[in-house]
Amino acid sequence: NVYIYHAGRWGAVCDDSWDDAAAHVVCGGLNMTGIATHGGQFGTAVEKYWMDDVVCEGDERSLSHCIFSGWGSSDCDENEAAGVICAEVTANAIPSNLKKKPTKRLHEVLDIGTSIRLVGGKSSAEGRVEIYHNSRWGSICPDGWTLYEASAVCRHLALGYAEQAHQTDYFGSSKIILSGIHCQGNETNLFMCKHQAIGDVACPGEVGHVAAVVCTRQLADLLLDTTAIQRSAHLQDVPMFQLQCAMEENCLSKSAYEIQKINPNWQFETRRLLRFTASSLNIGNAEFRPYLPKHLWQWHLCHMHYHSMEVFATFDILNGSGRRVAEGHKASFCLEDNTCMPGVEKKYSCKNYGDQGVSVNCSDIYQYNVDCQWVDVTDVEPGDYTFKVAVNPHARIAEQTYHNNAASCILRLTETYALVYDCKLLRP
């Protein structure tokens with residue numbers, strides 16, 4: 001596991017957004033390349049979390065030079081420790097997949113029949129997940145168990161949607177006979193998912209903990225508006241003195257902060273921003289609410305309202321090989337009902353420490369002129385790219401489906417204008 005020394009003490013790093021680029025930064029100090037690990041693969045965090053939502057390009061001198069949510073700002077539990085596996089670099093080659101999560105060798109589908117059940121819950125809609133294999137029932141290894149896998153279980157059992165995905169012994173435990181399960185989140189059957197091993201399997205993590213779910217028939221579902229993105233996207237050149245509030249939230253690319261350090265007149269330098277509107281309509285049958293309780297929301301003096309979520313949306317620009325060349329980072333968001341369908345009354349507002357959320361048939365809209373509703377493309381060369389916008393990207397809040405939470409678009413960037421078109425909905 002990775003620990004960082006700050007303010008006179010050691011602290012852990014949470015695995016939210018943790019990827020091979022961040023691992024490369026850690027291992028680079030040892031002249032090695034790195035592979036990221038997740039979910040406390042090397043044990044639970046033994047110190048408080050210093051860093052969360054770490055986003056690195058891969059060439060930073062240390063983790064502290066990467067984007068993250070702020071020192072000590074984390075909502076992670078002890079089982080979400082980020083780790084690395086360092087290896088010698090061969091032929092002086094830098095890995096080409098820095099921005100991709102490490103993948104395990106997975107079989108195509110589970111060829112084990114159709115028997116599945118929930119055990120140990122207080123109702124038929126919750127419990128540990130067991131499958132029937134070789135004339136016995138057994139549990140699933142919880143390593144990598146997320147809402148995507150839980151969704152497949154709830155659909156399989158006709159119990160609606162996955163409200164919670166647990167790695168726990170709360171519902172009891174049994175012998176683990178399946179590991180490395182990996183779902184896309186839209187499967188109608190758990191056995192459509194890929195897996196790593198079945199039978200006598202090895203399972204990292206805490207002894208006794210198994211995969212468990214809580215299902216529900218009432219859940220929110222955000223639908224990202226691709227038309228709003230395409231119609232509103234445009235370039236704007238903005239002097240940095242107008243961006244000081246946004247800079248506090250790390251909303252510009254790292255070259256802007258380097259200029260701030262070395263140029264005494266940095267306020268008069270200009271940044272080129274790709275601005276656009278992001279609108280998310282709740283088409284589910286339950287309200288979309290923040291996962292943090294109200295007393296943990298953060299007050300932001302510049303914006304004069306509370307932020308209820310650390311990461312609600314991500315904006316990425318990818319080149320032809322899939323490498324991220326620019327990203328939009330909004331440290332926090334304020335959820336509210338900006339517009340609602342006819343006959344639906346607005347309920348949530350960010351004003352005056354009000355309750356936050358998105359009501360059913362209402363939209364949370366971030367107009368293109370709002371702070372941080374952009375990607376800093378100052379350092380991006382003209383050309384054609386993939387532009388990806390995602391809401392609720394880490395599936396922190398349960399939804400009916402996640403395959404309408406992201407838009408993948410073509411971005412044509414020139415010296416004078418930007419064109420975003422051919423957007424398609426997909427999973428973050």
# chains A, B, ... in the order shown; residues from 1 in each chain; ligands from 1
>>> residues_around(residues="Ala87 in chain A", least_positions_apart="3", cutoff="10 Å", atoms="only C-alpha atoms", output="VMD selection string")
chain A and resid 24 27 to 28 30 to 35 84 90
>>> closest_atom_pairs(of="range 176-284 of chain A", to="range 398-413 of chain A", cutoff="10 Å", atoms="only C-alpha atoms", output="tab-separated table")
residue	atom	partner	partner_atom	distance
A:Gln184	CA	A:His403	CA	8.9
A:Gly185	CA	A:Tyr402	CA	7.1
A:Asn186	CA	A:Thr401	CA	6.9
A:Thr216	CA	A:Gln400	CA	9.5
A:Arg217	CA	A:Gln400	CA	8.8
A:Gln218	CA	A:Gln400	CA	8.5
A:Leu219	CA	A:Glu399	CA	5.8
A:Ala220	CA	A:Glu399	CA	5.1
A:Asp221	CA	A:Glu399	CA	4.9
A:Leu222	CA	A:Asn405	CA	6.3
A:Leu223	CA	A:Asn404	CA	5.3
A:Leu224	CA	A:Asn405	CA	5.6
A:Asp225	CA	A:Ala407	CA	8.4
A:Thr226	CA	A:Ala407	CA	6.5
A:Ile229	CA	A:Ala407	CA	8.9
A:Gln230	CA	A:Cys409	CA	8.4
A:Ala233	CA	A:Leu411	CA	9.5
A:His234	CA	A:Leu413	CA	9.8
A:Leu235	CA	A:Leu413	CA	9.1
A:Leu274	CA	A:Leu413	CA	9.4
A:Ser280	CA	A:Asn405	CA	8.4
A:Asn282	CA	A:Glu399	CA	9.7
A:Ile283	CA	A:Gln400	CA	9.4
A:Gly284	CA	A:Gln400	CA	7.0
>>> residues_around(residues="Ser62 in chain A", least_positions_apart="2", cutoff="12 Å", atoms="only C-alpha atoms", output="PyMOL selection string")
chain A and resi 3-5+21-30+54-60+64-67
>>> atom_distance(atom1="CA of Asp19 in chain A", atom2="CA of His38 in chain A")
8.9 Å
>>> residues_around(residues="range 6-15 of chain A", least_positions_apart="4", cutoff="6 Å", atoms="only C-alpha atoms", output="PyMOL selection string")
chain A and resi 38+47-52+80-82
>>> write_last_selection(atoms="N, CA and C atoms", output="compact mmCIF listing (two decimals), in the first residue's frame")
# COMPACT_ATOMS: atom_id res chain seq x y z
N HIS A 38 -5.95 -2.06 -5.93
CA HIS A 38 -7.12 -1.41 -5.32
C HIS A 38 -7.68 -2.26 -4.19
N GLU A 47 -3.25 4.07 8.62
CA GLU A 47 -3.18 5.49 8.96
C GLU A 47 -4.37 6.20 8.31
N LYS A 48 -4.67 7.42 8.77
CA LYS A 48 -5.74 8.19 8.13
C LYS A 48 -5.38 8.45 6.68
N TYR A 49 -6.38 8.72 5.87
CA TYR A 49 -6.14 9.00 4.46
C TYR A 49 -5.69 10.45 4.29
N TRP A 50 -4.53 10.63 3.67
CA TRP A 50 -4.07 11.97 3.32
C TRP A 50 -4.61 12.39 1.95
N MET A 51 -4.77 11.44 1.02
CA MET A 51 -5.10 11.78 -0.35
C MET A 51 -6.27 10.92 -0.85
N ASP A 52 -7.10 11.55 -1.72
CA ASP A 52 -8.23 10.85 -2.33
C ASP A 52 -8.44 11.44 -3.73
N GLU A 80 -10.22 0.70 1.38
CA GLU A 80 -10.06 1.31 0.05
C GLU A 80 -8.64 1.81 -0.18
N ALA A 81 -7.67 1.17 0.45
CA ALA A 81 -6.28 1.62 0.33
C ALA A 81 -5.74 1.37 -1.08
N ALA A 82 -5.04 2.38 -1.61
CA ALA A 82 -4.38 2.27 -2.91
C ALA A 82 -2.99 1.66 -2.73
>>> closest_residue(among="A:His394, A:Arg128, A:Tyr348, A:Ala158", to="Gly172 in chain A", atoms="only C-alpha atoms")
A:Arg128
>>> closest_residue(among="A:Thr168, A:Asn263, A:Ser151, A:Gln367", to="Thr188 in chain A", atoms="only C-alpha atoms")
A:Ser151
>>> closest_residue(among="A:Pro264, A:Gly357, A:Pro428, A:Gly127", to="Ala313 in chain A", atoms="only C-alpha atoms")
A:Pro428
>>> select_by_dssp(residues="range 1-65 of chain A", states="strand (DSSP E)", output="VMD selection string")
chain A and resid 3 to 6 9 to 13 32 to 37 49 to 51
>>> write_last_selection(atoms="N, CA and C atoms", output="PDB file, in the first residue's frame")
ATOM      1  N   TYR A   3       1.837   5.024   1.147  1.00  0.00           N
ATOM      2  CA  TYR A   3       1.697   6.017   2.204  1.00  0.00           C
ATOM      3  C   TYR A   3       2.524   7.242   1.828  1.00  0.00           C
ATOM      4  N   ILE A   4       2.026   8.396   2.215  1.00  0.00           N
ATOM      5  CA  ILE A   4       2.715   9.646   1.893  1.00  0.00           C
ATOM      6  C   ILE A   4       2.924  10.442   3.178  1.00  0.00           C
ATOM      7  N   TYR A   5       4.073  11.094   3.285  1.00  0.00           N
ATOM      8  CA  TYR A   5       4.419  11.845   4.491  1.00  0.00           C
ATOM      9  C   TYR A   5       4.072  13.315   4.271  1.00  0.00           C
ATOM     10  N   HIS A   6       3.213  13.846   5.139  1.00  0.00           N
ATOM     11  CA  HIS A   6       2.761  15.234   4.997  1.00  0.00           C
ATOM     12  C   HIS A   6       2.438  15.777   6.389  1.00  0.00           C
ATOM     13  N   ARG A   9       3.354  13.644   9.516  1.00  0.00           N
ATOM     14  CA  ARG A   9       2.845  12.310   9.783  1.00  0.00           C
ATOM     15  C   ARG A   9       2.579  11.573   8.472  1.00  0.00           C
ATOM     16  N   TRP A  10       2.536  10.246   8.574  1.00  0.00           N
ATOM     17  CA  TRP A  10       2.246   9.419   7.423  1.00  0.00           C
ATOM     18  C   TRP A  10       0.736   9.274   7.253  1.00  0.00           C
ATOM     19  N   GLY A  11       0.314   9.153   6.009  1.00  0.00           N
ATOM     20  CA  GLY A  11      -1.093   8.932   5.720  1.00  0.00           C
ATOM     21  C   GLY A  11      -1.251   8.046   4.499  1.00  0.00           C
ATOM     22  N   ALA A  12      -2.384   7.382   4.411  1.00  0.00           N
ATOM     23  CA  ALA A  12      -2.662   6.465   3.303  1.00  0.00           C
ATOM     24  C   ALA A  12      -3.235   7.227   2.112  1.00  0.00           C
ATOM     25  N   VAL A  13      -3.382   6.508   1.003  1.00  0.00           N
ATOM     26  CA  VAL A  13      -3.965   7.043  -0.227  1.00  0.00           C
ATOM     27  C   VAL A  13      -5.177   6.188  -0.576  1.00  0.00           C
ATOM     28  N   MET A  32      11.516   2.539 -11.532  1.00  0.00           N
ATOM     29  CA  MET A  32      10.739   1.371 -11.937  1.00  0.00           C
ATOM     30  C   MET A  32       9.401   1.857 -12.480  1.00  0.00           C
ATOM     31  N   THR A  33       8.684   0.982 -13.140  1.00  0.00           N
ATOM     32  CA  THR A  33       7.335   1.291 -13.571  1.00  0.00           C
ATOM     33  C   THR A  33       6.353   0.634 -12.607  1.00  0.00           C
ATOM     34  N   GLY A  34       5.094   1.081 -12.633  1.00  0.00           N
ATOM     35  CA  GLY A  34       4.157   0.614 -11.619  1.00  0.00           C
ATOM     36  C   GLY A  34       2.830   0.144 -12.160  1.00  0.00           C
ATOM     37  N   ILE A  35       2.210  -0.771 -11.433  1.00  0.00           N
ATOM     38  CA  ILE A  35       0.853  -1.235 -11.688  1.00  0.00           C
ATOM     39  C   ILE A  35       0.026  -0.927 -10.449  1.00  0.00           C
ATOM     40  N   ALA A  36      -1.139  -0.337 -10.649  1.00  0.00           N
ATOM     41  CA  ALA A  36      -1.990   0.058  -9.522  1.00  0.00           C
ATOM     42  C   ALA A  36      -2.742  -1.140  -8.944  1.00  0.00           C
ATOM     43  N   THR A  37      -2.924  -1.132  -7.623  1.00  0.00           N
ATOM     44  CA  THR A  37      -3.780  -2.118  -6.963  1.00  0.00           C
ATOM     45  C   THR A  37      -4.857  -1.373  -6.173  1.00  0.00           C
ATOM     46  N   TYR A  49      -6.384   8.716   5.870  1.00  0.00           N
ATOM     47  CA  TYR A  49      -6.137   8.999   4.460  1.00  0.00           C
ATOM     48  C   TYR A  49      -5.691  10.448   4.290  1.00  0.00           C
ATOM     49  N   TRP A  50      -4.531  10.632   3.670  1.00  0.00           N
ATOM     50  CA  TRP A  50      -4.072  11.970   3.316  1.00  0.00           C
ATOM     51  C   TRP A  50      -4.606  12.390   1.949  1.00  0.00           C
ATOM     52  N   MET A  51      -4.770  11.436   1.023  1.00  0.00           N
ATOM     53  CA  MET A  51      -5.104  11.783  -0.351  1.00  0.00           C
ATOM     54  C   MET A  51      -6.268  10.924  -0.846  1.00  0.00           C
TER      55      MET A  51
END
>>> residues_around(residues="range 254-257 of chain A", least_positions_apart="4", cutoff="9 Å", atoms="only C-alpha atoms", output="JSON, numbers by chain")
{"A": [65, 66, 67, 240, 247, 250, 261, 262, 266, 269, 271, 378, 379]}
>>> residues_around(residues="Ala152 in chain A", least_positions_apart="6", cutoff="12 Å", atoms="only C-alpha atoms", output="number ranges by chain")
A: 116, 129, 145-146, 158-163, 165, 181-194, 213-215, 400-401
>>> write_last_selection(atoms="N, CA and C atoms", output="mmCIF file, in the first residue's frame")
data_model
loop_
_atom_site.group_PDB
_atom_site.id
_atom_site.type_symbol
_atom_site.label_atom_id
_atom_site.label_comp_id
_atom_site.auth_asym_id
_atom_site.auth_seq_id
_atom_site.Cartn_x
_atom_site.Cartn_y
_atom_site.Cartn_z
ATOM 1 N N ILE A 116 -28.458 -19.331 -8.332
ATOM 2 C CA ILE A 116 -27.897 -18.238 -7.539
ATOM 3 C C ILE A 116 -28.915 -17.881 -6.465
ATOM 4 N N VAL A 129 -24.111 -13.266 -1.628
ATOM 5 C CA VAL A 129 -24.431 -13.915 -2.896
ATOM 6 C C VAL A 129 -23.789 -15.299 -2.922
ATOM 7 N N TRP A 145 -15.504 -6.266 -6.015
ATOM 8 C CA TRP A 145 -16.971 -6.324 -6.045
ATOM 9 C C TRP A 145 -17.542 -4.908 -5.980
ATOM 10 N N THR A 146 -18.298 -4.500 -6.987
ATOM 11 C CA THR A 146 -18.833 -3.145 -7.085
ATOM 12 C C THR A 146 -20.323 -3.181 -7.398
ATOM 13 N N ALA A 158 -34.471 -10.939 -10.438
ATOM 14 C CA ALA A 158 -35.699 -10.159 -10.639
ATOM 15 C C ALA A 158 -36.061 -9.361 -9.390
ATOM 16 N N LEU A 159 -35.014 -8.779 -8.745
ATOM 17 C CA LEU A 159 -35.223 -7.996 -7.529
ATOM 18 C C LEU A 159 -35.038 -6.494 -7.772
ATOM 19 N N GLY A 160 -34.996 -6.101 -9.041
ATOM 20 C CA GLY A 160 -34.883 -4.679 -9.352
ATOM 21 C C GLY A 160 -33.446 -4.259 -9.578
ATOM 22 N N TYR A 161 -32.991 -3.276 -8.776
ATOM 23 C CA TYR A 161 -31.689 -2.650 -8.992
ATOM 24 C C TYR A 161 -30.806 -2.804 -7.746
ATOM 25 N N ALA A 162 -29.517 -2.645 -7.947
ATOM 26 C CA ALA A 162 -28.567 -2.763 -6.840
ATOM 27 C C ALA A 162 -28.447 -1.433 -6.105
ATOM 28 N N GLU A 163 -28.846 -1.414 -4.847
ATOM 29 C CA GLU A 163 -28.729 -0.214 -4.028
ATOM 30 C C GLU A 163 -27.386 -0.158 -3.319
ATOM 31 N N ALA A 165 -23.509 -2.514 -2.753
ATOM 32 C CA ALA A 165 -22.626 -3.652 -3.003
ATOM 33 C C ALA A 165 -21.668 -3.737 -1.829
ATOM 34 N N ILE A 181 -14.767 -11.934 -10.425
ATOM 35 C CA ILE A 181 -15.973 -11.635 -11.208
ATOM 36 C C ILE A 181 -15.918 -10.197 -11.697
ATOM 37 N N HIS A 182 -16.288 -9.974 -12.960
ATOM 38 C CA HIS A 182 -16.205 -8.637 -13.550
ATOM 39 C C HIS A 182 -17.378 -8.441 -14.501
ATOM 40 N N CYS A 183 -18.247 -7.470 -14.174
ATOM 41 C CA CYS A 183 -19.442 -7.187 -14.975
ATOM 42 C C CYS A 183 -19.383 -5.777 -15.547
ATOM 43 N N GLN A 184 -20.105 -5.576 -16.618
ATOM 44 C CA GLN A 184 -20.234 -4.239 -17.204
ATOM 45 C C GLN A 184 -21.350 -3.435 -16.532
ATOM 46 N N GLY A 185 -22.276 -4.116 -15.884
ATOM 47 C CA GLY A 185 -23.352 -3.428 -15.181
ATOM 48 C C GLY A 185 -24.669 -3.453 -15.912
ATOM 49 N N ASN A 186 -24.688 -3.943 -17.162
ATOM 50 C CA ASN A 186 -25.949 -4.015 -17.906
ATOM 51 C C ASN A 186 -26.356 -5.447 -18.216
ATOM 52 N N GLU A 187 -25.668 -6.415 -17.602
ATOM 53 C CA GLU A 187 -26.022 -7.812 -17.832
ATOM 54 C C GLU A 187 -27.348 -8.140 -17.140
ATOM 55 N N THR A 188 -28.119 -9.006 -17.756
ATOM 56 C CA THR A 188 -29.376 -9.447 -17.158
ATOM 57 C C THR A 188 -29.182 -10.718 -16.331
ATOM 58 N N ASN A 189 -27.968 -11.247 -16.331
ATOM 59 C CA ASN A 189 -27.682 -12.526 -15.702
ATOM 60 C C ASN A 189 -26.243 -12.498 -15.208
ATOM 61 N N LEU A 190 -26.010 -12.862 -13.955
ATOM 62 C CA LEU A 190 -24.655 -12.828 -13.404
ATOM 63 C C LEU A 190 -23.701 -13.698 -14.218
ATOM 64 N N PHE A 191 -24.222 -14.773 -14.788
ATOM 65 C CA PHE A 191 -23.352 -15.703 -15.491
ATOM 66 C C PHE A 191 -22.971 -15.213 -16.895
ATOM 67 N N MET A 192 -23.426 -14.023 -17.248
ATOM 68 C CA MET A 192 -22.959 -13.374 -18.472
ATOM 69 C C MET A 192 -21.661 -12.606 -18.215
ATOM 70 N N CYS A 193 -21.307 -12.444 -16.944
ATOM 71 C CA CYS A 193 -20.111 -11.690 -16.582
ATOM 72 C C CYS A 193 -18.863 -12.565 -16.736
ATOM 73 N N LYS A 194 -17.728 -11.910 -16.806
ATOM 74 C CA LYS A 194 -16.453 -12.623 -16.866
ATOM 75 C C LYS A 194 -15.980 -12.957 -15.452
ATOM 76 N N VAL A 213 -25.140 -8.084 -1.509
ATOM 77 C CA VAL A 213 -25.902 -7.030 -2.197
ATOM 78 C C VAL A 213 -27.132 -6.661 -1.386
ATOM 79 N N VAL A 214 -27.622 -5.452 -1.671
ATOM 80 C CA VAL A 214 -28.947 -5.018 -1.221
ATOM 81 C C VAL A 214 -29.661 -4.524 -2.463
ATOM 82 N N CYS A 215 -30.778 -5.119 -2.792
ATOM 83 C CA CYS A 215 -31.536 -4.765 -3.998
ATOM 84 C C CYS A 215 -32.739 -3.895 -3.647
ATOM 85 N N GLN A 400 -30.156 3.069 -11.453
ATOM 86 C CA GLN A 400 -30.767 1.938 -12.148
ATOM 87 C C GLN A 400 -29.825 1.363 -13.203
ATOM 88 N N THR A 401 -29.148 2.242 -13.926
ATOM 89 C CA THR A 401 -28.159 1.839 -14.909
ATOM 90 C C THR A 401 -27.101 2.927 -15.005
#
>>> select_by_dssp(residues="range 19-181 of chain A", states="alpha helix (DSSP H)", output="list in words")
Asp20, Ala21, Ala22, Ala23, His24, Val25, Val26, Cys27, Gly28, Leu147, Tyr148, Glu149, Ala150, Ser151, Ala152, Val153, Cys154, Arg155 and His156 of chain A
>>> atom_distance(atom1="CA of Trp297 in chain A", atom2="CA of Ile397 in chain A")
15.6 Å
>>> closest_residue(among="A:Val344, A:Asn361, A:Phe241, A:Asn265", to="Phe288 in chain A", atoms="only C-alpha atoms")
A:Asn361
>>> decode(residues="range 147-158 of chain A", atoms="all heavy atoms", output="short mmCIF file (atom, residue, chain, number, x, y, z; two decimals), in the first residue's frame")
data_model
loop_
_atom_site.label_atom_id
_atom_site.label_comp_id
_atom_site.auth_asym_id
_atom_site.auth_seq_id
_atom_site.Cartn_x
_atom_site.Cartn_y
_atom_site.Cartn_z
N LEU A 147 -20.91 -2.01 -7.55
CA LEU A 147 -22.32 -1.91 -7.92
C LEU A 147 -22.58 -2.49 -9.30
O LEU A 147 -23.71 -2.89 -9.61
CB LEU A 147 -22.79 -0.46 -7.86
CG LEU A 147 -23.10 0.09 -6.47
CD1 LEU A 147 -23.28 1.60 -6.50
CD2 LEU A 147 -24.35 -0.58 -5.90
N TYR A 148 -21.57 -2.54 -10.17
CA TYR A 148 -21.76 -3.13 -11.50
C TYR A 148 -22.07 -4.62 -11.37
O TYR A 148 -22.98 -5.14 -12.02
CB TYR A 148 -20.52 -2.92 -12.35
CG TYR A 148 -20.18 -1.48 -12.64
CD1 TYR A 148 -18.89 -1.01 -12.47
CD2 TYR A 148 -21.16 -0.60 -13.07
CE1 TYR A 148 -18.57 0.32 -12.73
CE2 TYR A 148 -20.86 0.74 -13.33
CZ TYR A 148 -19.57 1.19 -13.16
OH TYR A 148 -19.27 2.50 -13.41
N GLU A 149 -21.30 -5.32 -10.54
CA GLU A 149 -21.55 -6.75 -10.33
C GLU A 149 -22.86 -6.97 -9.56
O GLU A 149 -23.63 -7.88 -9.88
CB GLU A 149 -20.39 -7.39 -9.57
CG GLU A 149 -19.11 -7.54 -10.37
CD GLU A 149 -18.39 -6.22 -10.63
OE1 GLU A 149 -18.39 -5.36 -9.72
OE2 GLU A 149 -17.83 -6.06 -11.72
N ALA A 150 -23.09 -6.12 -8.56
CA ALA A 150 -24.32 -6.25 -7.77
C ALA A 150 -25.55 -6.05 -8.64
O ALA A 150 -26.59 -6.70 -8.44
CB ALA A 150 -24.30 -5.24 -6.63
N SER A 151 -25.46 -5.15 -9.63
CA SER A 151 -26.59 -4.90 -10.53
C SER A 151 -26.98 -6.16 -11.29
O SER A 151 -28.17 -6.45 -11.48
CB SER A 151 -26.25 -3.78 -11.52
OG SER A 151 -26.08 -2.55 -10.86
N ALA A 152 -25.97 -6.91 -11.73
CA ALA A 152 -26.25 -8.15 -12.46
C ALA A 152 -26.96 -9.16 -11.57
O ALA A 152 -27.84 -9.89 -12.03
CB ALA A 152 -24.95 -8.73 -13.02
N VAL A 153 -26.59 -9.20 -10.29
CA VAL A 153 -27.23 -10.13 -9.35
C VAL A 153 -28.70 -9.77 -9.16
O VAL A 153 -29.59 -10.63 -9.22
CB VAL A 153 -26.50 -10.11 -8.00
CG1 VAL A 153 -27.29 -10.90 -6.95
CG2 VAL A 153 -25.10 -10.69 -8.15
N CYS A 154 -28.98 -8.49 -8.93
CA CYS A 154 -30.36 -8.07 -8.68
C CYS A 154 -31.24 -8.30 -9.90
O CYS A 154 -32.41 -8.69 -9.77
CB CYS A 154 -30.39 -6.59 -8.25
SG CYS A 154 -29.60 -6.28 -6.65
N ARG A 155 -30.70 -8.07 -11.10
CA ARG A 155 -31.48 -8.35 -12.31
C ARG A 155 -31.69 -9.85 -12.47
O ARG A 155 -32.77 -10.31 -12.85
CB ARG A 155 -30.77 -7.79 -13.53
CG ARG A 155 -30.82 -6.29 -13.66
CD ARG A 155 -30.44 -5.86 -15.07
NE ARG A 155 -30.14 -4.43 -15.11
CZ ARG A 155 -28.93 -3.92 -14.94
NH1 ARG A 155 -27.90 -4.74 -14.77
NH2 ARG A 155 -28.74 -2.62 -14.97
N HIS A 156 -30.65 -10.61 -12.20
CA HIS A 156 -30.72 -12.07 -12.32
C HIS A 156 -31.86 -12.62 -11.47
O HIS A 156 -32.60 -13.52 -11.89
CB HIS A 156 -29.38 -12.65 -11.87
CG HIS A 156 -29.21 -14.11 -12.16
ND1 HIS A 156 -28.02 -14.64 -12.59
CD2 HIS A 156 -30.06 -15.17 -12.07
CE1 HIS A 156 -28.15 -15.94 -12.77
NE2 HIS A 156 -29.38 -16.29 -12.44
N LEU A 157 -32.02 -12.08 -10.27
CA LEU A 157 -33.02 -12.58 -9.33
C LEU A 157 -34.35 -11.84 -9.43
O LEU A 157 -35.24 -12.04 -8.59
CB LEU A 157 -32.47 -12.48 -7.91
CG LEU A 157 -31.24 -13.36 -7.61
CD1 LEU A 157 -30.67 -13.04 -6.24
CD2 LEU A 157 -31.62 -14.83 -7.70
N ALA A 158 -34.47 -10.94 -10.44
CA ALA A 158 -35.70 -10.16 -10.64
C ALA A 158 -36.06 -9.36 -9.39
O ALA A 158 -37.23 -9.24 -9.01
CB ALA A 158 -36.86 -11.07 -11.04
#
